[in-house]
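> What follows is my_file.cif, made up of mmCIF, C-alpha atoms and all ligand atoms:
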data_query
loop_
_atom_site.label_atom_id
_atom_site.label_comp_id
_atom_site.auth_asym_id
_atom_site.auth_seq_id
_atom_site.Cartn_x
_atom_site.Cartn_y
_atom_site.Cartn_z
CA MET Q 216 -10.38 -6.11 -27.94
CA PRO Q 217 -11.23 -9.04 -25.62
CA LEU Q 218 -11.98 -8.57 -21.93
CA ALA Q 219 -8.69 -7.94 -20.14
CA THR Q 220 -7.35 -9.94 -17.24
CA LEU Q 221 -6.67 -8.38 -13.87
CA ARG Q 222 -3.14 -9.73 -13.99
CA GLN Q 223 -2.22 -7.94 -17.19
CA VAL Q 224 -3.91 -4.69 -16.21
CA LEU Q 225 -2.20 -4.62 -12.80
CA ASP Q 226 1.20 -5.64 -14.23
CA GLU Q 227 0.91 -2.64 -16.55
CA ALA Q 228 -0.22 -0.41 -13.67
CA ALA Q 229 2.85 -1.47 -11.69
CA LYS Q 230 5.11 -0.57 -14.63
CA GLY Q 231 3.41 2.83 -14.89
CA GLY Q 232 3.26 3.40 -11.10
CA TYR Q 233 -0.50 3.99 -10.96
CA GLY Q 234 -3.62 2.38 -9.48
CA VAL Q 235 -6.73 1.18 -11.29
CA GLY Q 236 -10.23 1.79 -9.95
CA ALA Q 237 -12.46 -1.26 -9.50
CA PHE Q 238 -16.07 -0.09 -9.60
CA ASN Q 239 -19.06 -2.23 -8.66
CA VAL Q 240 -21.75 -2.80 -11.22
CA ASN Q 241 -25.36 -4.01 -10.84
CA ASN Q 242 -27.20 -2.56 -13.82
CA MET Q 243 -26.82 -0.96 -17.23
CA GLU Q 244 -26.65 2.65 -16.08
CA GLN Q 245 -23.86 1.97 -13.59
CA LEU Q 246 -21.92 0.08 -16.23
CA GLN Q 247 -22.39 2.81 -18.82
CA GLY Q 248 -21.27 5.40 -16.27
CA ILE Q 249 -18.15 3.38 -15.47
CA VAL Q 250 -17.15 2.68 -19.06
CA SER Q 251 -17.91 6.15 -20.41
CA GLY Q 252 -15.91 7.60 -17.50
CA ALA Q 253 -12.96 5.38 -18.39
CA GLN Q 254 -13.30 6.39 -22.04
CA GLU Q 255 -13.39 10.06 -21.19
CA VAL Q 256 -10.01 9.86 -19.46
CA GLN Q 257 -8.67 6.96 -21.57
CA ALA Q 258 -7.96 4.73 -18.58
CA PRO Q 259 -8.09 0.97 -18.07
CA VAL Q 260 -10.89 0.01 -15.71
CA ILE Q 261 -12.04 -2.92 -13.56
CA VAL Q 262 -15.74 -3.66 -13.54
CA GLN Q 263 -16.61 -5.86 -10.57
CA ALA Q 264 -19.77 -7.71 -9.65
CA SER Q 265 -20.61 -9.18 -6.26
CA ARG Q 266 -22.76 -12.27 -5.78
CA GLY Q 267 -25.56 -9.86 -4.91
CA ALA Q 268 -25.03 -8.04 -8.21
CA ILE Q 269 -25.14 -11.28 -10.21
CA ALA Q 270 -28.35 -12.27 -8.41
CA TYR Q 271 -29.85 -8.80 -8.96
CA ALA Q 272 -29.07 -8.44 -12.66
CA GLY Q 273 -29.16 -12.11 -13.55
CA PRO Q 274 -26.00 -13.81 -14.82
CA GLN Q 275 -26.90 -13.63 -18.53
CA TYR Q 276 -27.81 -9.95 -18.38
CA LEU Q 277 -24.64 -9.11 -16.54
CA ARG Q 278 -22.40 -11.01 -18.92
CA ASN Q 279 -24.00 -9.56 -22.02
CA LEU Q 280 -24.09 -6.03 -20.65
CA VAL Q 281 -20.35 -6.21 -20.08
CA LEU Q 282 -19.76 -7.69 -23.53
CA ALA Q 283 -21.76 -4.76 -24.94
CA ALA Q 284 -19.56 -2.38 -22.97
CA VAL Q 285 -16.41 -3.96 -24.42
CA GLU Q 286 -17.86 -3.67 -27.91
CA SER Q 287 -18.75 -0.03 -27.45
CA ALA Q 288 -15.39 0.90 -25.89
CA PRO Q 289 -12.90 -1.26 -27.80
CA GLU Q 290 -9.96 1.02 -27.01
CA ILE Q 291 -10.29 0.56 -23.22
CA PRO Q 292 -8.89 -2.45 -21.32
CA ILE Q 293 -11.88 -3.63 -19.26
CA VAL Q 294 -11.59 -6.40 -16.65
CA LEU Q 295 -14.68 -8.31 -15.50
CA HIS Q 296 -13.96 -9.32 -11.90
CA LEU Q 297 -15.92 -11.29 -9.29
CA ASP Q 298 -15.97 -9.29 -6.04
CA HIS Q 299 -15.81 -11.33 -2.80
CA GLY Q 300 -16.30 -14.86 -4.08
CA ASP Q 301 -17.42 -16.77 -0.99
CA LYS Q 302 -16.32 -20.27 -2.00
CA PRO Q 303 -14.52 -22.05 -4.86
CA GLU Q 304 -17.82 -23.08 -6.53
CA THR Q 305 -18.85 -19.42 -6.88
CA CYS Q 306 -15.51 -18.54 -8.48
CA LEU Q 307 -15.77 -21.45 -10.90
CA MET Q 308 -19.31 -20.38 -11.81
CA ALA Q 309 -18.05 -16.86 -12.56
CA ILE Q 310 -15.23 -18.22 -14.73
CA GLU Q 311 -17.76 -20.32 -16.61
CA LEU Q 312 -19.83 -17.18 -17.11
CA GLY Q 313 -16.90 -15.34 -18.70
CA PHE Q 314 -15.32 -13.39 -15.83
CA THR Q 315 -11.62 -12.77 -16.51
CA SER Q 316 -10.77 -12.38 -12.84
CA VAL Q 317 -12.17 -13.71 -9.57
CA MET Q 318 -11.70 -12.91 -5.92
CA MET Q 319 -11.64 -15.90 -3.61
CA ASP Q 320 -12.28 -14.28 -0.26
CA GLY Q 321 -11.11 -17.07 2.01
CA SER Q 322 -10.49 -14.64 4.88
CA LEU Q 323 -14.05 -15.46 5.90
CA LEU Q 324 -15.91 -18.74 5.85
CA ALA Q 325 -18.54 -19.26 3.15
CA ASP Q 326 -21.13 -17.48 5.33
CA GLY Q 327 -19.26 -14.23 4.59
CA LYS Q 328 -19.15 -13.39 8.31
CA THR Q 329 -17.02 -15.79 10.32
CA PRO Q 330 -13.25 -15.25 10.10
CA SER Q 331 -11.61 -18.40 8.76
CA ASP Q 332 -8.35 -19.92 9.88
CA TYR Q 333 -5.21 -19.47 7.83
CA ASP Q 334 -5.03 -23.03 6.51
CA TYR Q 335 -8.59 -22.84 5.20
CA ASN Q 336 -7.82 -19.55 3.45
CA VAL Q 337 -4.68 -20.98 1.82
CA ALA Q 338 -6.47 -24.16 0.73
CA VAL Q 339 -9.51 -22.54 -0.93
CA THR Q 340 -7.48 -19.75 -2.52
CA ARG Q 341 -4.91 -22.16 -3.95
CA GLU Q 342 -7.68 -24.39 -5.28
CA VAL Q 343 -9.21 -21.43 -7.13
CA ALA Q 344 -5.85 -20.14 -8.37
CA GLU Q 345 -4.97 -23.51 -9.90
CA ALA Q 346 -8.31 -23.83 -11.69
CA ALA Q 347 -8.45 -20.18 -12.78
CA HIS Q 348 -4.87 -19.97 -14.04
CA ALA Q 349 -5.36 -23.08 -16.17
CA GLN Q 350 -7.87 -20.95 -18.10
CA GLY Q 351 -5.84 -17.74 -18.00
CA VAL Q 352 -8.15 -16.14 -15.44
CA SER Q 353 -6.64 -13.99 -12.66
CA VAL Q 354 -7.19 -14.44 -8.92
CA GLU Q 355 -7.35 -12.03 -6.00
CA GLY Q 356 -7.04 -13.39 -2.47
CA GLU Q 357 -7.55 -11.66 0.87
CA LEU Q 358 -5.54 -11.90 4.04
CA GLY Q 359 -6.86 -10.24 7.18
CA THR Q 360 -10.43 -9.02 7.54
CA LEU Q 361 -12.10 -5.68 6.99
CA GLY Q 362 -14.32 -4.09 9.62
CA GLY Q 363 -18.01 -3.48 8.98
CA ILE Q 364 -20.78 -5.96 8.53
CA GLU Q 365 -23.71 -3.86 7.41
CA ASP Q 366 -23.33 -4.72 3.73
CA GLY Q 367 -23.08 -8.44 4.35
CA HIS Q 368 -19.33 -8.57 3.81
CA GLY Q 369 -17.13 -8.62 6.86
CA SER Q 370 -16.97 -10.10 10.30
CA GLY Q 371 -17.47 -6.88 12.22
CA GLN Q 372 -13.99 -7.47 13.63
CA VAL Q 373 -10.83 -6.10 12.07
CA HIS Q 374 -7.82 -8.39 11.67
CA LEU Q 375 -5.02 -6.45 10.07
CA THR Q 376 -2.81 -8.24 7.56
CA ASP Q 377 0.41 -9.67 8.94
CA PRO Q 378 3.24 -8.89 6.48
CA ASP Q 379 5.19 -12.13 7.14
CA GLN Q 380 2.05 -14.20 6.71
CA ALA Q 381 1.38 -12.30 3.48
CA VAL Q 382 4.69 -13.56 2.07
CA ASP Q 383 3.78 -17.16 2.89
CA PHE Q 384 0.22 -16.71 1.58
CA VAL Q 385 1.31 -15.38 -1.81
CA GLU Q 386 3.92 -18.12 -2.15
CA GLN Q 387 1.50 -20.90 -1.22
CA THR Q 388 -1.50 -19.73 -3.23
CA GLY Q 389 0.03 -18.11 -6.33
CA VAL Q 390 -2.52 -15.25 -6.27
CA ASP Q 391 -2.12 -12.42 -8.75
CA ALA Q 392 -3.32 -9.76 -6.34
CA LEU Q 393 -3.61 -9.58 -2.57
CA ALA Q 394 -6.33 -7.69 -0.72
CA VAL Q 395 -4.87 -6.36 2.50
CA ALA Q 396 -6.73 -5.31 5.63
CA ILE Q 397 -5.45 -1.99 6.95
CA GLY Q 398 -8.49 -0.77 8.88
CA THR Q 399 -10.99 0.11 6.16
CA SER Q 400 -14.52 -1.27 5.99
CA HIS Q 401 -17.23 -1.46 3.37
CA GLY Q 402 -20.12 0.97 3.11
CA ALA Q 403 -20.71 4.63 3.94
CA TYR Q 404 -20.04 4.44 7.70
CA LYS Q 405 -16.33 3.84 7.96
CA PHE Q 406 -15.02 6.44 10.42
CA THR Q 407 -16.55 8.94 12.82
CA GLN Q 408 -13.70 11.37 12.18
CA LYS Q 409 -11.21 11.90 9.37
CA PRO Q 410 -8.79 8.96 9.61
CA THR Q 411 -5.09 9.61 9.89
CA GLY Q 412 -2.39 7.40 8.38
CA GLU Q 413 -2.12 5.65 11.76
CA VAL Q 414 -5.85 4.82 11.96
CA LEU Q 415 -5.45 3.30 8.52
CA ALA Q 416 -2.24 1.34 9.28
CA MET Q 417 -0.65 2.58 6.06
CA HIS Q 418 2.68 1.33 7.41
CA LEU Q 419 1.49 -2.23 6.73
CA ILE Q 420 1.20 -1.47 3.03
CA GLU Q 421 4.77 -0.18 3.01
CA GLU Q 422 6.03 -3.25 4.90
CA ILE Q 423 4.19 -5.69 2.65
CA HIS Q 424 5.47 -3.89 -0.43
CA GLN Q 425 9.03 -4.17 0.84
CA LYS Q 426 8.62 -7.90 1.43
CA LEU Q 427 6.57 -8.56 -1.73
CA PRO Q 428 7.62 -5.94 -4.27
CA ASP Q 429 6.11 -7.90 -7.19
CA THR Q 430 2.69 -8.52 -5.59
CA HIS Q 431 -0.15 -6.22 -6.53
CA MET Q 432 -2.05 -5.03 -3.46
CA VAL Q 433 -5.77 -4.33 -3.37
CA MET Q 434 -7.48 -1.82 -1.10
CA HIS Q 435 -11.09 -2.72 -0.33
CA GLY Q 436 -13.47 -0.29 1.33
CA SER Q 437 -11.81 2.62 -0.46
CA SER Q 438 -14.71 4.96 -1.01
CA SER Q 439 -13.98 8.48 0.14
CA VAL Q 440 -17.61 9.27 1.01
CA PRO Q 441 -17.46 12.90 -0.18
CA GLN Q 442 -19.18 15.27 2.23
CA SER Q 443 -20.67 17.13 -0.74
CA LEU Q 444 -22.58 13.99 -1.80
CA VAL Q 445 -23.79 13.30 1.75
CA ASP Q 446 -24.98 16.92 2.00
CA ARG Q 447 -26.77 16.79 -1.35
CA ILE Q 448 -28.55 13.55 -0.42
CA ASN Q 449 -29.66 14.97 2.91
CA ALA Q 450 -30.73 18.29 1.36
CA ALA Q 451 -32.93 16.28 -0.99
CA GLY Q 452 -34.68 14.41 1.82
CA GLY Q 453 -32.11 11.72 2.70
CA LYS Q 454 -31.17 10.87 6.26
CA LEU Q 455 -27.53 9.85 6.13
CA GLU Q 456 -25.57 10.19 9.35
CA ALA Q 457 -22.30 12.08 9.78
CA THR Q 458 -19.47 9.93 8.42
CA PHE Q 459 -15.98 9.89 6.94
CA GLY Q 460 -14.47 7.73 4.23
CA VAL Q 461 -10.92 7.01 3.12
CA PRO Q 462 -9.12 10.23 2.11
CA VAL Q 463 -7.89 10.10 -1.48
CA GLU Q 464 -4.40 11.17 -0.30
CA GLU Q 465 -4.14 7.96 1.75
CA ILE Q 466 -5.05 5.90 -1.31
CA GLN Q 467 -2.46 7.79 -3.34
CA GLN Q 468 0.13 6.99 -0.66
CA GLY Q 469 -0.87 3.33 -0.95
CA ILE Q 470 -0.43 3.49 -4.72
CA ARG Q 471 3.12 4.77 -4.20
CA HIS Q 472 3.74 1.57 -2.22
CA GLY Q 473 2.28 -1.15 -4.39
CA VAL Q 474 -1.51 -0.74 -4.22
CA ARG Q 475 -2.73 -1.35 -7.79
CA LYS Q 476 -6.46 -2.10 -7.45
CA VAL Q 477 -8.70 0.29 -5.55
CA ASN Q 478 -12.26 -0.87 -4.79
CA VAL Q 479 -14.94 1.79 -4.95
CA ASP Q 480 -18.63 0.99 -4.67
CA THR Q 481 -20.16 3.32 -2.09
CA ASP Q 482 -19.09 6.58 -3.79
CA GLY Q 483 -20.91 5.52 -6.96
CA ARG Q 484 -23.99 4.59 -4.93
CA LEU Q 485 -23.95 7.98 -3.18
CA ALA Q 486 -23.55 9.89 -6.44
CA ILE Q 487 -26.43 8.01 -8.04
CA THR Q 488 -28.64 8.51 -4.99
CA ALA Q 489 -27.91 12.25 -4.90
CA ALA Q 490 -28.76 12.63 -8.60
CA LEU Q 491 -31.94 10.55 -8.33
CA ARG Q 492 -33.24 12.35 -5.26
CA GLU Q 493 -32.54 15.77 -6.76
CA THR Q 494 -34.16 14.95 -10.09
CA LEU Q 495 -37.21 13.33 -8.52
CA ASN Q 496 -37.64 16.35 -6.24
CA ALA Q 497 -37.10 18.89 -9.00
CA SER Q 498 -39.52 17.27 -11.46
CA PRO Q 499 -42.59 16.04 -9.55
CA LYS Q 500 -44.61 15.79 -12.76
CA GLU Q 501 -42.01 13.67 -14.57
CA PHE Q 502 -42.63 9.97 -15.03
CA ASP Q 503 -40.22 9.01 -17.81
CA PRO Q 504 -37.53 6.90 -16.09
CA ARG Q 505 -34.95 8.17 -18.55
CA ALA Q 506 -35.26 11.62 -17.00
CA PHE Q 507 -34.07 10.16 -13.69
CA PHE Q 508 -31.58 7.57 -14.90
CA ARG Q 509 -29.72 9.89 -17.29
CA PRO Q 510 -28.42 12.23 -14.53
CA ALA Q 511 -27.78 9.20 -12.30
CA ARG Q 512 -25.60 7.63 -15.00
CA GLU Q 513 -23.79 10.93 -15.49
CA ALA Q 514 -23.17 11.17 -11.73
CA MET Q 515 -21.58 7.70 -11.75
CA LYS Q 516 -19.43 8.73 -14.71
CA GLN Q 517 -18.13 11.79 -12.85
CA VAL Q 518 -17.09 9.65 -9.84
CA VAL Q 519 -15.20 7.31 -12.17
CA ILE Q 520 -13.47 10.15 -14.01
CA GLU Q 521 -12.39 11.72 -10.73
CA ARG Q 522 -11.09 8.53 -9.13
CA LEU Q 523 -9.29 7.18 -12.23
CA THR Q 524 -7.58 10.55 -12.56
CA GLN Q 525 -6.65 10.68 -8.86
CA PHE Q 526 -5.29 7.12 -9.00
CA GLY Q 527 -3.07 8.08 -11.95
CA ALA Q 528 -4.68 5.70 -14.47
CA ALA Q 529 -5.86 8.41 -16.88
CA GLY Q 530 -4.16 8.29 -20.25
CA HIS Q 531 -2.92 4.69 -19.88
CA ALA Q 532 -5.62 2.85 -21.85
CA GLY Q 533 -3.56 2.72 -25.03
CA ASP Q 534 -0.26 1.67 -23.44
CA TYR Q 535 -0.71 -2.01 -24.33
CA GLU Q 536 -2.59 -4.62 -26.33
CA VAL Q 537 -4.97 -6.71 -24.26
CA LEU Q 538 -3.87 -10.36 -24.18
CA PRO Q 539 -6.50 -13.07 -24.63
CA LEU Q 540 -7.10 -15.67 -21.91
CA GLU Q 541 -5.31 -18.38 -23.93
CA GLU Q 542 -2.11 -16.34 -23.92
CA MET Q 543 -2.40 -15.76 -20.16
CA ALA Q 544 -3.00 -19.49 -19.62
CA LYS Q 545 0.20 -20.29 -21.52
CA ARG Q 546 2.12 -17.89 -19.33
CA TYR Q 547 0.83 -19.49 -16.13
CA ALA Q 548 1.66 -22.94 -17.52
CA GLY Q 549 5.18 -21.68 -18.25
CA GLU Q 550 5.52 -20.39 -14.69
CA ARG Q 551 4.51 -23.79 -13.34
CA VAL Q 552 7.30 -25.59 -15.17
CA GLY Q 553 9.75 -22.89 -14.20
CA VAL Q 554 10.21 -21.37 -17.67
O1 LIG Y 601 -17.90 -5.57 -1.10
C1 LIG Y 601 -18.98 -5.04 -1.12
C2 LIG Y 601 -19.48 -4.35 -2.33
O2 LIG Y 601 -19.76 -3.03 -1.98
C3 LIG Y 601 -20.64 -5.07 -2.97
O3 LIG Y 601 -21.78 -4.95 -2.18
O4 LIG Y 601 -22.79 -7.23 -1.96
O5 LIG Y 601 -24.17 -5.16 -1.72
O6 LIG Y 601 -23.31 -5.88 -3.96
P1 LIG Y 601 -23.08 -5.87 -2.46
P1 LIG Y 602 -16.66 0.79 -0.48
O1 LIG Y 602 -17.88 0.39 0.25
O2 LIG Y 602 -15.76 1.64 0.36
O3 LIG Y 602 -16.97 1.45 -1.79
O4 LIG Y 602 -15.82 -0.53 -0.82
C1 LIG Y 602 -16.19 -1.36 -1.89
C2 LIG Y 602 -15.44 -2.64 -1.89
O5 LIG Y 602 -14.44 -2.84 -1.23
C3 LIG Y 602 -15.95 -3.70 -2.80
O6 LIG Y 602 -15.25 -4.89 -2.66
ZN ZN Y 603 -14.60 -5.43 -0.72
#
Would you mind writing the file's structure down as structure tokens?


Amino acid sequence: MPLATLRQVLDEAAKGGYGVGAFNVNNMEQLQGIVSGAQEVQAPVIVQASRGAIAYAGPQYLRNLVLAAVESAPEIPIVLHLDHGDKPETCLMAIELGFTSVMMDGSLLADGKTPSDYDYNVAVTREVAEAAHAQGVSVEGELGTLGGIEDGHGSGQVHLTDPDQAVDFVEQTGVDALAVAIGTSHGAYKFTQKPTGEVLAMHLIEEIHQKLPDTHMVMHGSSSVPQSLVDRINAAGGKLEATFGVPVEEIQQGIRHGVRKVNVDTDGRLAITAALRETLNASPKEFDPRAFFRPAREAMKQVVIERLTQFGAAGHAGDYEVLPLEEMAKRYAGERVGV
């Protein structure tokens, strides 16, 4: 099975009324945890790499690790997606590398910090969509900005997505998926108390879905930051502060209203950190890295199993045949001439 495109995987998710987890990858153990988790529950899965991840792993390692994952899990639709592309050149580089989906995050300027103006966002996103679609590759755009700046993504200010502008944005850019800003932020420190539906502006998701029923929405900053993981990390010598993430019930409500891609990075990081700290503490005489990485990989797998199940994607891996990029490119070409 070839790598799947985001467009096909989300179209299928929309038909089935479920959401697909998009998990960040930086190394082999994370990737193995993600893919074995998806296999365990027979769910499609989105593997996403940030610019930082590509720099960390090295582009060739990353590409070939993902190709190895596809080979070892041929029954699972796996998307390779660029997370937060900062400018068109980065997206084109990822396409060249073999990514089947790219995010052009034009909500911020190329510095990844300064909120852009609307015309800039439309222009760079449309430029990427035209180039990507010609090769069958899918595109995610973002309208509005997330809060949080500590991970290098975000302006520190929150600009919630305007539903009317979203309609214009999708029409002008032709994106396959739209990341909406509803009050979440990246990283572990999202909220100082459990957020309600109002804090999260869930009503915007419902409004956008009403206006754009065929557009797949993406929720960034969707880690739930389980208290149990924070407690385990701190019990094993960590010093995380009190914090709350996005409750899974809120994500499930979003999925009922058109959210199809749910971005989760921090929960995987927390699970890996908890497992590593515990194993290192429990085995002070151990020096075989496999003794530490094996439980870390298993911890990542358990996060993926839990989230894919909660998002309703479990059991859907075999619903469809993955289409190759050439077939997707033909479809986009057909759309352009109004077929
Ligand atoms: O969007 C942020 C993701 O969590 C990726 O973070 O840039 O540290 O790899 P990163
Ligand atoms: P979290 O930090 O909540 O996991 O969000 C990840 C994300 O949105 C990646 O784009
Ligand atoms: Zn994000």

> For Q:Asp446, which residue among Q:Leu280, Q:Leu485, Q:Ala511, Q:Val337 is the nearest when counting all atoms listed in the file?

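That would be Q:Leu485, the residue with the smallest distance to Q:Asp446.
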
> Using only C-alpha atoms and all ligand atoms, pick whichever of Q:Gln425, Q:Ser400, Q:Thr329, Q:Gln254 has the shortest atom-to-atom distance to ligand ZN 603 (chain Y).

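Checking each candidate against ligand ZN 603 (chain Y), we get Q:Ser400 as the closest.
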
> Which neighbours of Q:His348 fall inside 12 Å, counting all atoms listed in the file, when residues of the same chain fewer than 5 positions from it are skipped, and could you give them as a PyMOL selection string?

chain Q and resi 220-222+307+310+315-317+340-343+353-355+388-391+540-551

> Could you list, as a PyMOL selection string, all the residues within 7 Å of ligand LIG 602 (chain Y), counting all atoms listed in the file?

chain Q and resi 239+298-299+400-403+435-438+478-482

> Go through stretch 374-487 of chain Q residue by residue and, counting only C-alpha atoms, keep those with an atom at most 8 Å from stretch 356-359 of chain Q; for each kept residue give the shortest atom pair and its distance in Å to one decimal, ordered by chain and increasing number, as CSV.


residue,atom,partner,partner_atom,distance
Q:His374,CA,Q:Gly359,CA,5.0
Q:Leu375,CA,Q:Gly359,CA,5.1
Q:Thr376,CA,Q:Gly359,CA,4.5
Q:Asp377,CA,Q:Gly359,CA,7.5
Q:Ala381,CA,Q:Leu358,CA,7.0
Q:Phe384,CA,Q:Leu358,CA,7.9
Q:Val390,CA,Q:Gly356,CA,6.2
Q:Ala392,CA,Q:Gly356,CA,6.5
Q:Leu393,CA,Q:Gly356,CA,5.1
Q:Ala394,CA,Q:Glu357,CA,4.4
Q:Val395,CA,Q:Leu358,CA,5.8
Q:Ala396,CA,Q:Gly359,CA,5.2

> Keeping only C-alpha atoms, take the residues you just selected and write them out as a PDB file, keeping the file's coordinate frame.


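Here's the written file out-v4.pdb:
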ATOM      1  CA  HIS Q 374      -7.820  -8.390  11.670  1.00  0.00           C
ATOM      2  CA  LEU Q 375      -5.020  -6.450  10.070  1.00  0.00           C
ATOM      3  CA  THR Q 376      -2.810  -8.240   7.560  1.00  0.00           C
ATOM      4  CA  ASP Q 377       0.410  -9.670   8.940  1.00  0.00           C
ATOM      5  CA  ALA Q 381       1.380 -12.300   3.480  1.00  0.00           C
ATOM      6  CA  PHE Q 384       0.220 -16.710   1.580  1.00  0.00           C
ATOM      7  CA  VAL Q 390      -2.520 -15.250  -6.270  1.00  0.00           C
ATOM      8  CA  ALA Q 392      -3.320  -9.760  -6.340  1.00  0.00           C
ATOM      9  CA  LEU Q 393      -3.610  -9.580  -2.570  1.00  0.00           C
ATOM     10  CA  ALA Q 394      -6.330  -7.690  -0.720  1.00  0.00           C
ATOM     11  CA  VAL Q 395      -4.870  -6.360   2.500  1.00  0.00           C
ATOM     12  CA  ALA Q 396      -6.730  -5.310   5.630  1.00  0.00           C
TER      13      ALA Q 396
END

> Please list as a list of chain:residue names every residue within 10 Å of Q:Lys516, counting only C-alpha atoms and excluding residues in the same chain fewer than 3 positions away.

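So the residues in contact are Q:Glu244, Q:Gln245, Q:Leu246, Q:Gln247, Q:Gly248, Q:Ile249, Q:Val250, Q:Ser251, Q:Gly252, Q:Ala253, Q:Gln254, Q:Glu255, Q:Gly483, Q:Ala486, Q:Ile487, Q:Pro510, Q:Ala511, Q:Arg512, Q:Glu513, Q:Val519, Q:Ile520, Q:Glu521.
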
> Using only C-alpha atoms and all ligand atoms, can you tell me which of Q:Thr360, Q:Ser498, Q:Gln350, Q:Gln257 comes closest to ligand LIG 601 (chain Y)?

Q:Thr360

> Which one of Q:Val477, Q:Ala258, Q:Ala325, Q:Leu427 sits closest to ligand ZN 603 (chain Y) if you count all atoms listed in the file?

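Using all atoms listed in the file, ligand ZN 603 (chain Y) sits closest to Q:Val477.
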
> If you measure from atom CA of Q:His431 to atom CA of Q:Arg278, what distance in Å do you get, rounded to one decimal?

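Taking atom CA of Q:His431 as the start and atom CA of Q:Arg278 as the end point, the length is 25.9 Å.
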
> Counting all atoms listed in the file, figure out which residue out of Q:Met434, Q:Leu225, Q:Ala309, Q:Leu282 gets nearest to ligand LIG 601 (chain Y).

Q:Met434

> When you draw a straight line from atom CA of Q:Leu295 to atom CA of Q:Pro217, how long is it in Å?

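For atom CA of Q:Leu295 relative to atom CA of Q:Pro217, the distance reads 10.7 Å.
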
> Between Q:Gly327, Q:Gly231, Q:Gly273, Q:Pro378, which one has atoms that come closest to ligand ZN 603 (chain Y), using all atoms listed in the file?

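Closest to ligand ZN 603 (chain Y) of all the choices is Q:Gly327.
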
> Extending 6 Å beyond the listed atoms of stretch 348-354 of chain Q on each side, what axis-aligned box results? I want centre and edge lengths in Å to one decimal, as lines of an AutoDock Vina configuration file.


center_x = -6.5
center_y = -18.5
center_z = -13.5
size_x = 15.3
size_y = 21.1
size_z = 21.2

> Tell me which residues come within 10 Å of (-9.0, 5.2, -11.0), as a PDB file with C-alpha atoms, in the frame of the given file, counting all atoms listed in the file in the file's coordinates.


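The file below, point_31.pdb, is the result:
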ATOM      1  CA  TYR Q 233      -0.500   3.990 -10.960  1.00  0.00           C
ATOM      2  CA  GLY Q 234      -3.620   2.380  -9.480  1.00  0.00           C
ATOM      3  CA  VAL Q 235      -6.730   1.180 -11.290  1.00  0.00           C
ATOM      4  CA  GLY Q 236     -10.230   1.790  -9.950  1.00  0.00           C
ATOM      5  CA  ALA Q 237     -12.460  -1.260  -9.500  1.00  0.00           C
ATOM      6  CA  PHE Q 238     -16.070  -0.090  -9.600  1.00  0.00           C
ATOM      7  CA  GLY Q 252     -15.910   7.600 -17.500  1.00  0.00           C
ATOM      8  CA  ALA Q 253     -12.960   5.380 -18.390  1.00  0.00           C
ATOM      9  CA  VAL Q 256     -10.010   9.860 -19.460  1.00  0.00           C
ATOM     10  CA  ALA Q 258      -7.960   4.730 -18.580  1.00  0.00           C
ATOM     11  CA  PRO Q 259      -8.090   0.970 -18.070  1.00  0.00           C
ATOM     12  CA  VAL Q 260     -10.890   0.010 -15.710  1.00  0.00           C
ATOM     13  CA  ILE Q 261     -12.040  -2.920 -13.560  1.00  0.00           C
ATOM     14  CA  ARG Q 475      -2.730  -1.350  -7.790  1.00  0.00           C
ATOM     15  CA  LYS Q 476      -6.460  -2.100  -7.450  1.00  0.00           C
ATOM     16  CA  VAL Q 477      -8.700   0.290  -5.550  1.00  0.00           C
ATOM     17  CA  ASN Q 478     -12.260  -0.870  -4.790  1.00  0.00           C
ATOM     18  CA  VAL Q 479     -14.940   1.790  -4.950  1.00  0.00           C
ATOM     19  CA  VAL Q 518     -17.090   9.650  -9.840  1.00  0.00           C
ATOM     20  CA  VAL Q 519     -15.200   7.310 -12.170  1.00  0.00           C
ATOM     21  CA  ILE Q 520     -13.470  10.150 -14.010  1.00  0.00           C
ATOM     22  CA  GLU Q 521     -12.390  11.720 -10.730  1.00  0.00           C
ATOM     23  CA  ARG Q 522     -11.090   8.530  -9.130  1.00  0.00           C
ATOM     24  CA  LEU Q 523      -9.290   7.180 -12.230  1.00  0.00           C
ATOM     25  CA  THR Q 524      -7.580  10.550 -12.560  1.00  0.00           C
ATOM     26  CA  GLN Q 525      -6.650  10.680  -8.860  1.00  0.00           C
ATOM     27  CA  PHE Q 526      -5.290   7.120  -9.000  1.00  0.00           C
ATOM     28  CA  GLY Q 527      -3.070   8.080 -11.950  1.00  0.00           C
ATOM     29  CA  ALA Q 528      -4.680   5.700 -14.470  1.00  0.00           C
ATOM     30  CA  ALA Q 529      -5.860   8.410 -16.880  1.00  0.00           C
TER      31      ALA Q 529
END

> Distance atom CA of Q:Met515-atom CA of Q:Glu501, one decimal place?

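Computing it gives 21.5 Å between the two atoms.
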
> So which residues fall inside 8 Å of (-14.4, 6.6, 5.1) if we count only C-alpha atoms? Mind giving them as an MDAnalysis selection string?

chainID Q and resid 399:400 403:406 409:410 436:440 458:462

> Extract, using only C-alpha atoms, all DNA, RNA and protein residues at most 10 Å from Q:Ile269, discarding same-chain residues fewer than 4 positions from it, and format them as a ChimeraX atom specification.

/Q:240-242,264-265,273-278,297,309
